[in-house]
file coords-v5.cif (mmCIF, C-alpha atoms)
data_protein
#
loop_
_atom_site.label_atom_id
_atom_site.label_comp_id
_atom_site.auth_asym_id
_atom_site.auth_seq_id
_atom_site.Cartn_x
_atom_site.Cartn_y
_atom_site.Cartn_z
CA MET R 1187 67.05 93.49 84.77
CA PHE R 1188 69.80 92.95 87.30
CA PRO R 1189 69.94 89.71 89.25
CA ALA R 1190 69.43 89.91 92.95
CA ALA R 1191 71.92 88.44 95.36
CA PRO R 1192 72.26 87.77 99.06
CA THR R 1193 73.48 90.51 101.35
CA PRO R 1194 77.26 90.70 100.89
CA ARG R 1195 79.67 89.84 103.64
CA THR R 1196 81.62 92.67 105.16
CA GLU R 1197 85.06 91.43 104.06
CA LEU R 1198 85.21 93.90 101.23
CA PRO R 1199 87.89 93.97 98.64
CA PRO R 1200 89.98 96.97 99.22
CA ALA R 1201 93.00 97.71 97.37
CA ARG R 1202 96.44 97.67 98.28
CA ALA R 1203 98.22 100.52 97.05
CA ALA R 1204 99.98 98.81 95.24
CA GLU R 1205 100.59 95.65 96.10
CA GLY R 1206 103.26 94.19 98.11
CA THR R 1207 105.73 96.10 96.05
CA ASP R 1208 105.26 99.67 95.23
CA ARG R 1209 108.82 100.11 94.13
CA PRO R 1210 109.20 99.70 90.37
CA GLU R 1211 111.26 96.95 88.87
CA PRO R 1212 114.58 98.24 87.55
CA THR R 1213 113.60 98.16 83.91
CA ASP R 1214 110.51 100.24 84.63
CA ARG R 1215 112.46 103.21 85.89
CA SER R 1216 112.95 104.50 82.41
CA SER R 1217 109.27 104.36 81.51
CA GLY R 1218 108.37 107.56 79.79
CA ALA R 1219 111.86 108.99 80.11
CA ASP R 1220 112.19 109.58 76.42
CA GLY R 1221 110.00 112.66 76.81
CA ALA R 1222 108.02 111.82 73.71
CA LYS R 1223 104.95 113.94 73.18
CA ASP R 1224 101.55 112.96 71.98
CA ALA R 1225 99.51 114.82 69.43
CA GLU R 1226 98.35 117.34 72.00
CA GLY R 1227 101.79 117.96 73.47
CA ALA R 1228 101.37 115.99 76.69
CA ALA R 1229 104.49 114.14 77.78
CA PRO R 1230 104.21 110.63 79.16
CA PRO R 1231 104.65 110.20 82.91
CA ALA R 1232 108.37 110.54 83.62
CA PRO R 1233 110.30 109.14 86.60
CA ARG R 1234 111.83 111.35 89.25
CA SER R 1235 115.51 111.34 90.14
CA ASP R 1236 114.86 108.64 92.75
CA GLY R 1237 113.41 106.31 90.13
CA ARG R 1238 109.80 106.76 91.27
CA ASN R 1239 107.10 108.08 88.99
CA ALA R 1240 104.93 110.92 90.31
CA PHE R 1241 101.93 109.86 88.22
CA PHE R 1242 101.79 106.35 89.63
CA ASP R 1243 102.48 107.47 93.19
CA ASN R 1244 99.66 110.00 92.87
CA ALA R 1245 97.33 107.37 91.42
CA LYS R 1246 98.08 104.91 94.23
CA TYR R 1247 97.53 107.51 96.92
CA LEU R 1248 94.21 108.69 95.47
CA ALA R 1249 93.05 105.11 95.04
CA ILE R 1250 93.92 104.12 98.61
CA VAL R 1251 91.96 107.12 99.85
CA LEU R 1252 88.97 105.86 97.88
CA VAL R 1253 89.49 102.40 99.37
CA ALA R 1254 89.33 103.77 102.91
CA MET R 1255 86.32 105.90 102.08
CA GLY R 1256 84.58 102.91 100.53
CA HIS R 1257 85.04 100.93 103.74
CA ALA R 1258 83.64 103.86 105.70
CA TRP R 1259 80.60 104.09 103.41
CA GLU R 1260 79.73 100.39 103.59
CA PRO R 1261 77.78 100.59 106.89
CA LEU R 1262 75.88 103.59 105.53
CA THR R 1263 74.64 101.94 102.35
CA ASP R 1264 71.68 100.12 103.95
CA GLY R 1265 69.93 103.36 104.81
CA SER R 1266 71.12 105.64 102.03
CA ARG R 1267 70.53 105.04 98.36
CA ALA R 1268 72.92 107.87 97.51
CA ALA R 1269 75.69 106.30 99.61
CA GLU R 1270 75.08 102.95 97.93
CA ALA R 1271 75.30 104.57 94.48
CA LEU R 1272 78.56 106.30 95.33
CA TYR R 1273 79.88 103.09 96.88
CA MET R 1274 79.10 101.03 93.77
CA THR R 1275 80.60 103.65 91.47
CA VAL R 1276 83.90 103.74 93.36
CA TYR R 1277 84.06 99.95 93.60
CA THR R 1278 83.81 99.79 89.82
CA PHE R 1279 87.30 101.21 89.37
CA HIS R 1280 89.42 101.60 92.51
CA MET R 1281 90.39 97.93 92.70
CA PRO R 1282 91.01 97.56 88.95
CA ALA R 1283 93.19 100.69 89.04
CA PHE R 1284 95.43 99.18 91.71
CA ILE R 1285 95.66 95.87 89.92
CA ILE R 1286 96.50 97.50 86.59
CA ILE R 1287 99.31 99.44 88.25
CA SER R 1288 100.50 96.19 89.88
CA GLY R 1289 100.62 94.52 86.49
CA TYR R 1290 102.38 97.48 84.90
CA PHE R 1291 105.19 97.32 87.45
CA SER R 1292 105.42 93.55 87.09
CA ARG R 1293 106.35 93.68 83.39
CA SER R 1294 110.00 92.94 84.07
CA PHE R 1295 109.36 90.25 86.67
CA ASP R 1296 111.10 86.96 86.04
CA MET R 1297 112.46 84.15 88.17
CA ARG R 1298 115.69 85.97 88.92
CA LYS R 1299 116.87 85.42 92.48
CA ASP R 1300 116.63 89.01 93.69
CA ARG R 1301 113.10 89.42 92.35
CA LEU R 1302 111.92 86.20 93.91
CA GLN R 1303 113.41 87.30 97.22
CA ARG R 1304 111.60 90.60 96.94
CA LEU R 1305 108.35 88.81 96.20
CA VAL R 1306 108.79 86.81 99.39
CA THR R 1307 109.77 89.74 101.62
CA GLY R 1308 107.39 92.28 100.08
CA VAL R 1309 104.30 90.10 99.65
CA ALA R 1310 104.47 86.69 101.32
CA VAL R 1311 105.91 87.82 104.65
CA PRO R 1312 103.45 90.73 105.09
CA TYR R 1313 100.65 88.30 104.25
CA VAL R 1314 101.66 85.85 106.98
CA LEU R 1315 102.16 88.61 109.56
CA PHE R 1316 98.96 90.51 108.86
CA GLU R 1317 96.78 87.46 108.37
CA THR R 1318 97.88 86.38 111.84
CA ALA R 1319 97.50 89.86 113.30
CA TYR R 1320 93.98 90.26 111.87
CA ALA R 1321 92.97 86.87 113.29
CA PHE R 1322 94.08 87.86 116.80
CA PHE R 1323 92.44 91.27 116.37
CA LYS R 1324 89.11 89.65 115.49
CA ARG R 1325 89.37 87.32 118.46
CA TRP R 1326 89.82 90.30 120.77
CA ALA R 1327 87.77 93.10 119.19
CA ASP R 1328 84.84 90.96 118.07
CA ASP R 1329 84.83 88.77 121.18
CA ASP R 1330 85.38 85.73 119.00
CA PRO R 1331 88.07 83.63 120.73
CA GLY R 1332 87.48 80.70 118.40
CA HIS R 1333 88.28 82.58 115.21
CA PRO R 1334 90.84 80.41 113.37
CA ILE R 1335 94.24 81.43 112.12
CA SER R 1336 94.38 80.05 108.61
CA LEU R 1337 96.85 81.01 105.91
CA LEU R 1338 94.62 79.28 103.37
CA ASP R 1339 91.61 81.49 104.00
CA PRO R 1340 92.60 85.18 103.65
CA TRP R 1341 90.55 87.48 105.82
CA PHE R 1342 89.49 90.99 104.86
CA LEU R 1343 92.38 92.88 103.21
CA THR R 1344 94.98 90.15 102.99
CA TRP R 1345 93.44 88.42 99.97
CA PHE R 1346 95.16 90.93 97.71
CA LEU R 1347 98.60 89.83 98.90
CA VAL R 1348 97.77 86.24 97.98
CA ALA R 1349 96.49 87.38 94.59
CA LEU R 1350 99.55 89.49 93.85
CA PHE R 1351 101.87 86.64 94.81
CA ILE R 1352 100.13 84.27 92.40
CA TRP R 1353 99.81 86.84 89.61
CA ARG R 1354 103.46 87.78 89.74
CA LEU R 1355 104.59 84.16 89.69
CA THR R 1356 102.56 83.65 86.51
CA THR R 1357 103.96 86.77 84.79
CA PRO R 1358 106.47 84.84 82.62
CA LEU R 1359 103.60 82.73 81.27
CA TRP R 1360 101.58 85.77 80.23
CA LYS R 1361 104.58 87.09 78.35
CA ILE R 1362 104.75 84.08 76.03
CA VAL R 1363 101.07 83.49 75.14
CA ARG R 1364 99.78 85.09 71.96
CA TRP R 1365 96.52 86.57 73.27
CA PRO R 1366 97.04 87.12 77.01
CA ILE R 1367 94.15 89.50 77.69
CA PRO R 1368 91.41 87.45 75.96
CA LEU R 1369 92.75 84.34 77.70
CA ALA R 1370 92.68 86.06 81.10
CA VAL R 1371 89.13 87.26 80.47
CA ALA R 1372 88.09 83.74 79.52
CA ILE R 1373 89.58 82.42 82.76
CA ALA R 1374 87.71 85.07 84.74
CA VAL R 1375 84.44 84.17 83.04
CA MET R 1376 84.93 80.47 83.73
CA ALA R 1377 85.71 81.21 87.37
CA SER R 1378 82.55 83.28 87.72
CA VAL R 1379 80.44 80.23 86.82
CA SER R 1380 82.42 77.70 88.89
CA PRO R 1381 80.95 77.50 92.42
CA ASP R 1382 83.18 74.55 93.34
CA ILE R 1383 86.36 76.62 93.41
CA GLY R 1384 85.83 77.25 97.12
CA ASP R 1385 87.39 79.79 99.46
CA ASP R 1386 90.96 78.51 99.64
CA LEU R 1387 93.37 81.37 98.91
CA ASP R 1388 90.37 83.38 97.68
CA LEU R 1389 90.89 81.89 94.23
CA GLN R 1390 87.63 83.37 92.95
CA ARG R 1391 89.05 86.84 93.40
CA VAL R 1392 92.45 85.80 92.11
CA LEU R 1393 90.92 84.53 88.87
CA GLN R 1394 88.13 87.06 88.40
CA PHE R 1395 90.45 90.05 88.87
CA LEU R 1396 93.20 88.45 86.78
CA PRO R 1397 92.36 90.31 83.51
CA PHE R 1398 93.23 93.66 85.08
CA PHE R 1399 96.68 92.43 86.08
CA VAL R 1400 97.32 91.00 82.63
CA LEU R 1401 96.12 94.25 81.09
CA GLY R 1402 98.66 96.11 83.23
CA LEU R 1403 101.39 93.81 81.90
CA ALA R 1404 100.43 94.79 78.36
CA LEU R 1405 100.34 98.56 78.91
CA ARG R 1406 103.11 100.96 77.97
CA PRO R 1407 103.78 104.60 79.00
CA GLU R 1408 102.06 105.91 75.89
CA HIS R 1409 98.80 104.29 76.97
CA PHE R 1410 98.77 106.34 80.16
CA THR R 1411 99.62 109.40 78.08
CA MET R 1412 96.56 108.79 75.93
CA VAL R 1413 94.16 108.92 78.87
CA GLN R 1414 95.78 112.13 80.10
CA ARG R 1415 94.64 114.06 77.05
CA ARG R 1416 92.36 117.00 77.62
CA ALA R 1417 89.63 115.45 75.47
CA VAL R 1418 89.60 112.35 77.69
CA ARG R 1419 89.40 114.46 80.84
CA ILE R 1420 86.43 116.36 79.46
CA ALA R 1421 84.70 113.17 78.33
CA SER R 1422 85.27 111.57 81.73
CA LEU R 1423 82.97 114.08 83.45
CA PRO R 1424 79.72 112.95 81.75
CA VAL R 1425 80.93 109.35 82.06
CA PHE R 1426 81.28 109.69 85.83
CA ALA R 1427 77.95 111.51 86.04
CA GLY R 1428 76.26 108.80 83.98
CA ALA R 1429 77.82 106.10 86.15
CA LEU R 1430 76.46 107.74 89.31
CA VAL R 1431 72.98 108.00 87.80
CA MET R 1432 73.11 104.38 86.67
CA ALA R 1433 74.36 103.26 90.07
CA TYR R 1434 71.58 105.21 91.79
CA TRP R 1435 69.04 103.42 89.62
CA ALA R 1436 70.70 100.01 90.13
CA ALA R 1437 71.27 100.34 93.90
CA PRO R 1438 67.94 98.79 94.99
CA ARG R 1439 67.98 96.31 92.11
CA MET R 1440 71.51 94.92 92.18
CA SER R 1441 73.77 93.55 94.88
CA SER R 1442 77.12 95.26 95.31
CA ALA R 1443 78.61 91.78 95.85
CA TRP R 1444 79.09 91.61 92.09
CA PHE R 1445 81.84 94.22 92.37
CA TYR R 1446 83.81 92.13 94.88
CA HIS R 1447 84.37 89.26 92.40
CA ARG R 1448 84.43 87.01 95.44
CA ASP R 1449 81.66 84.56 94.51
CA SER R 1450 80.38 82.67 91.52
CA ALA R 1451 77.11 83.59 89.86
CA GLN R 1452 75.41 80.57 91.40
CA GLU R 1453 76.55 81.61 94.89
CA LEU R 1454 75.00 85.02 94.23
CA GLY R 1455 71.66 83.36 93.57
CA THR R 1456 71.48 83.56 89.80
CA THR R 1457 72.18 81.42 86.73
CA TRP R 1458 75.51 80.75 85.07
CA TRP R 1459 74.78 82.69 81.89
CA ILE R 1460 74.02 85.83 83.87
CA GLY R 1461 77.40 85.37 85.51
CA VAL R 1462 79.03 85.39 82.07
CA VAL R 1463 77.18 88.54 81.06
CA MET R 1464 77.88 90.32 84.33
CA THR R 1465 81.58 89.44 84.30
CA LEU R 1466 82.04 90.80 80.79
CA ALA R 1467 79.89 93.87 81.44
CA LEU R 1468 81.65 94.75 84.68
CA PHE R 1469 85.05 94.27 83.05
CA GLY R 1470 84.10 96.76 80.33
CA CYS R 1471 82.66 99.26 82.81
CA SER R 1472 85.71 98.98 85.04
CA ILE R 1473 88.11 99.66 82.16
CA VAL R 1474 86.18 102.79 81.14
CA MET R 1475 85.92 104.10 84.69
CA THR R 1476 89.57 103.35 85.43
CA ALA R 1477 90.61 105.27 82.32
CA CYS R 1478 88.51 108.21 83.51
CA PHE R 1479 90.15 108.00 86.94
CA PHE R 1480 93.66 107.95 85.44
CA SER R 1481 92.82 110.94 83.25
CA TRP R 1482 92.47 113.13 86.34
CA VAL R 1483 95.53 111.87 88.22
CA PRO R 1484 98.19 114.62 88.32
CA THR R 1485 101.41 113.83 86.50
CA ARG R 1486 103.42 116.44 88.40
CA ARG R 1487 104.75 116.17 91.93
CA THR R 1488 102.16 117.22 94.52
CA TRP R 1489 102.00 117.36 98.31
CA PHE R 1490 100.69 113.79 98.40
CA THR R 1491 103.10 112.26 95.87
CA VAL R 1492 105.44 111.09 98.62
CA LEU R 1493 102.54 109.22 100.21
CA GLY R 1494 102.24 106.99 97.16
CA ALA R 1495 105.27 105.06 98.35
CA GLY R 1496 103.48 104.17 101.57
CA THR R 1497 100.14 102.97 100.30
CA LEU R 1498 100.82 99.38 101.37
CA TYR R 1499 101.04 100.68 104.92
CA GLY R 1500 97.81 102.62 104.64
CA TYR R 1501 96.10 99.64 103.03
CA LEU R 1502 96.98 97.08 105.66
CA LEU R 1503 96.87 99.28 108.77
CA HIS R 1504 93.57 101.04 108.14
CA GLY R 1505 91.83 97.66 108.13
CA PHE R 1506 92.08 97.42 111.92
CA LEU R 1507 90.08 100.62 112.34
CA ALA R 1508 87.71 99.78 109.48
CA LYS R 1509 86.82 96.44 111.09
CA GLY R 1510 87.00 97.77 114.64
CA SER R 1511 84.35 100.39 113.88
CA ARG R 1512 81.97 97.52 113.03
CA PHE R 1513 82.96 95.31 115.94
CA TRP R 1514 82.53 98.14 118.44
CA GLY R 1515 79.20 99.25 116.98
CA TRP R 1516 80.15 102.85 116.23
CA PHE R 1517 77.74 103.10 113.30
CA ASP R 1518 74.92 101.71 115.46
CA ASP R 1519 75.62 103.79 118.56
CA TYR R 1520 76.08 107.12 116.79
CA LYS R 1521 72.98 107.49 114.64
CA TRP R 1522 73.99 110.96 113.43
CA LEU R 1523 76.65 109.28 111.29
CA HIS R 1524 73.82 108.18 108.98
CA SER R 1525 72.79 111.79 108.30
CA PRO R 1526 74.22 113.74 105.32
CA LEU R 1527 76.51 115.66 107.67
CA GLY R 1528 77.62 112.45 109.34
CA GLU R 1529 78.34 110.81 106.00
CA ILE R 1530 80.54 113.75 105.01
CA ALA R 1531 82.33 113.59 108.37
CA VAL R 1532 82.95 109.85 108.00
CA THR R 1533 84.29 110.37 104.48
CA LEU R 1534 86.72 113.09 105.54
CA LEU R 1535 87.85 111.15 108.61
CA ALA R 1536 88.55 108.02 106.56
CA GLY R 1537 90.62 110.03 104.09
CA ALA R 1538 92.58 111.73 106.88
CA ILE R 1539 93.33 108.46 108.69
CA VAL R 1540 94.60 106.59 105.65
CA THR R 1541 96.66 109.64 104.66
CA ALA R 1542 98.35 109.63 108.06
CA LEU R 1543 99.06 105.91 107.75
CA CYS R 1544 100.92 106.45 104.47
CA THR R 1545 103.35 109.00 105.93
CA PRO R 1546 107.12 108.37 106.31
CA PRO R 1547 107.04 108.18 110.16
CA VAL R 1548 104.50 105.36 110.04
CA ARG R 1549 106.54 103.61 107.36
CA ARG R 1550 109.63 103.73 109.55
CA VAL R 1551 107.78 102.18 112.47
CA PHE R 1552 106.23 99.30 110.50
CA ARG R 1553 108.94 98.68 107.92
CA PHE R 1554 109.99 95.54 109.78
CA ALA R 1555 106.66 93.96 108.81
CA MET R 1556 106.06 95.52 105.39
CA GLU R 1557 109.52 95.60 103.88
CA PRO R 1558 111.82 93.27 105.81
CA THR R 1559 115.23 92.60 104.29
CA MET R 1560 115.62 89.09 105.74
CA ALA R 1561 119.06 88.55 104.25
CA TRP R 1562 119.54 85.79 106.80
CA ALA R 1563 116.75 83.74 105.21
CA PHE R 1564 118.30 83.41 101.75
CA ARG R 1565 121.32 81.59 100.45
CA LYS R 1566 124.12 83.74 99.16
CA ASP R 1567 124.86 83.57 95.46
CA PRO R 1568 128.29 81.87 95.03
CA ALA R 1569 129.05 84.18 92.11
CA ASP R 1570 128.45 87.26 94.27
CA THR R 1571 130.65 85.84 97.00
CA ALA R 1572 133.44 85.17 94.49
CA ARG R 1573 133.19 88.69 93.05
CA ALA R 1574 133.35 90.14 96.57
CA ARG R 1575 136.55 88.20 97.27
CA VAL R 1576 138.12 89.41 94.02
CA SER R 1577 137.24 93.04 94.68
CA ALA R 1578 138.63 92.77 98.21
#

call {"tool": "encode", "arguments": {"input": "coords-v5.cif", "output": "structure tokens"}}
result
Amino acid sequence: MFPAAPTPRTELPPARAAEGTDRPEPTDRSSGADGAKDAEGAAPPAPRSDGRNAFFDNAKYLAIVLVAMGHAWEPLTDGSRAAEALYMTVYTFHMPAFIIISGYFSRSFDMRKDRLQRLVTGVAVPYVLFETAYAFFKRWADDDPGHPISLLDPWFLTWFLVALFIWRLTTPLWKIVRWPIPLAVAIAVMASVSPDIGDDLDLQRVLQFLPFFVLGLALRPEHFTMVQRRAVRIASLPVFAGALVMAYWAAPRMSSAWFYHRDSAQELGTTWWIGVVMTLALFGCSIVMTACFFSWVPTRRTWFTVLGAGTLYGYLLHGFLAKGSRFWGWFDDYKWLHSPLGEIAVTLLAGAIVTALCTPPVRRVFRFAMEPTMAWAFRKDPADTARARVSA
């Protein structure tokens, strides 16, 4: 029933907690502030006094934990059908969840100077720095001195920075078209059957994940309120259980490469029409699973809410350990990791490591690379200069 595909490469699509910019755009700070209630009395997610929203910070933290766990499970999937089923289930929604949040906080993006500067410093600069750092890391850790440094071929985690850069630049276009979501889905479908797109800038992923970003642009606070209803939470439990059962059945029959949206259907060894069906089916499944995930995200401030502001750090930094564990053969040398107890230990360790990497001390150390100000790199606005002279 499901098409087979070659063994996937290990450059898995993780998710950046959000995206080269986890700070909301100014007009988003009021999202949900009206305190309106839905039919069951649940208030929409409201921003804190610092302008951040506890719901979205919680969602980003929980998603980045699942990203790290997914990378830890990948070496275990060959010998464990249960691990493969869990892996496929999580990959159905953790990436879409991040992209939807990215789109939601891009609603007010335009070509204004300060927002373009922030796009450069918060997305483009980290991409250049980490793409270079990962290349040198692979040369050293994998004993591969010839590994190229190429800004056109994102490696491992950095593809998401390229995607976010492109998506955000196209935001004004999505605001003026009449049917943005159907159009984005059509583009994703066409990409999935176009093997000639190639690997430059990981455009397959950029285009195939595009509908989730456009969906995020279209969402409003009340939509997140809807999935927080008690009825949705209750319904999500059998949905998750059914997804796990389905994934357990599909594990030996279907390649997990479909969830990466990195290749066309032809590159996965099947026909174009199956690519169309799979793209539409996976989009539908991802939306349902993401809604179920959001329904269980706390809306109140928790101990991990503050970590939601540092998910970019956890996303980019944990990749060195995720890849290093493969390069150094840890999963081959320590066979007990493939036992049920070992799988639990790996899961907990991955969650603990990425949690530590999202903490404020780590953010302070690496802020120069993740959130540089770079005022020296941009021209000053003559109007701002004139206003400063008048006020002086």

call {"tool": "resolve_selection", "arguments": {"input": "coords-v5.cif", "expression": "the PyMOL selection byres ((chain R and resi 1484) around 10)", "output": "list in words"}}
result
Pro1231, Ala1240, Phe1241, Phe1242, Asp1243, Asn1244, Ala1245, Gln1414, Phe1480, Ser1481, Trp1482, Val1483, Thr1485, Arg1486, Arg1487, Thr1488 and Thr1491 of chain R

call {"tool": "resolve_selection", "arguments": {"input": "coords-v5.cif", "expression": "the PyMOL selection byres ((chain R and resi 1461-1464) around 8)", "output": "PyMOL selection string"}}
result
chain R and resi 1375-1376+1378-1379+1444+1450-1452+1456-1460+1465-1468

call {"tool": "resolve_selection", "arguments": {"input": "coords-v5.cif", "expression": "the PyMOL selection byres ((chain R and resi 1289) around 7)", "output": "ChimeraX atom specification"}}
result
/R:1285-1288,1290-1293,1399-1400,1402-1403

call {"tool": "closest_residue", "arguments": {"input": "coords-v5.cif", "among": "R:Val1251, R:Thr1275, R:Thr1533, R:Ala1327", "to": "R:Gly1428", "atoms": "only C-alpha atoms"}}
result
R:Thr1275

call {"tool": "residues_around", "arguments": {"input": "coords-v5.cif", "residues": "stretch 1554-1564 of chain R", "least_positions_apart": "4", "cutoff": "6 Å", "atoms": "only C-alpha atoms", "output": "number ranges by chain"}}
result
R: 1307-1308, 1312

call {"tool": "write_last_selection", "arguments": {"input": "coords-v5.cif", "atoms": "C-alpha atoms", "output": "short mmCIF file (atom, residue, chain, number, x, y, z; two decimals), keeping the file's coordinate frame"}}
result
data_model
loop_
_atom_site.label_atom_id
_atom_site.label_comp_id
_atom_site.auth_asym_id
_atom_site.auth_seq_id
_atom_site.Cartn_x
_atom_site.Cartn_y
_atom_site.Cartn_z
CA THR R 1307 109.77 89.74 101.62
CA GLY R 1308 107.39 92.28 100.08
CA PRO R 1312 103.45 90.73 105.09
#

call {"tool": "closest_residue", "arguments": {"input": "coords-v5.cif", "among": "R:Phe1395, R:Trp1514, R:Trp1360, R:Tyr1277", "to": "R:Leu1430", "atoms": "all atoms listed in the file"}}
result
R:Tyr1277
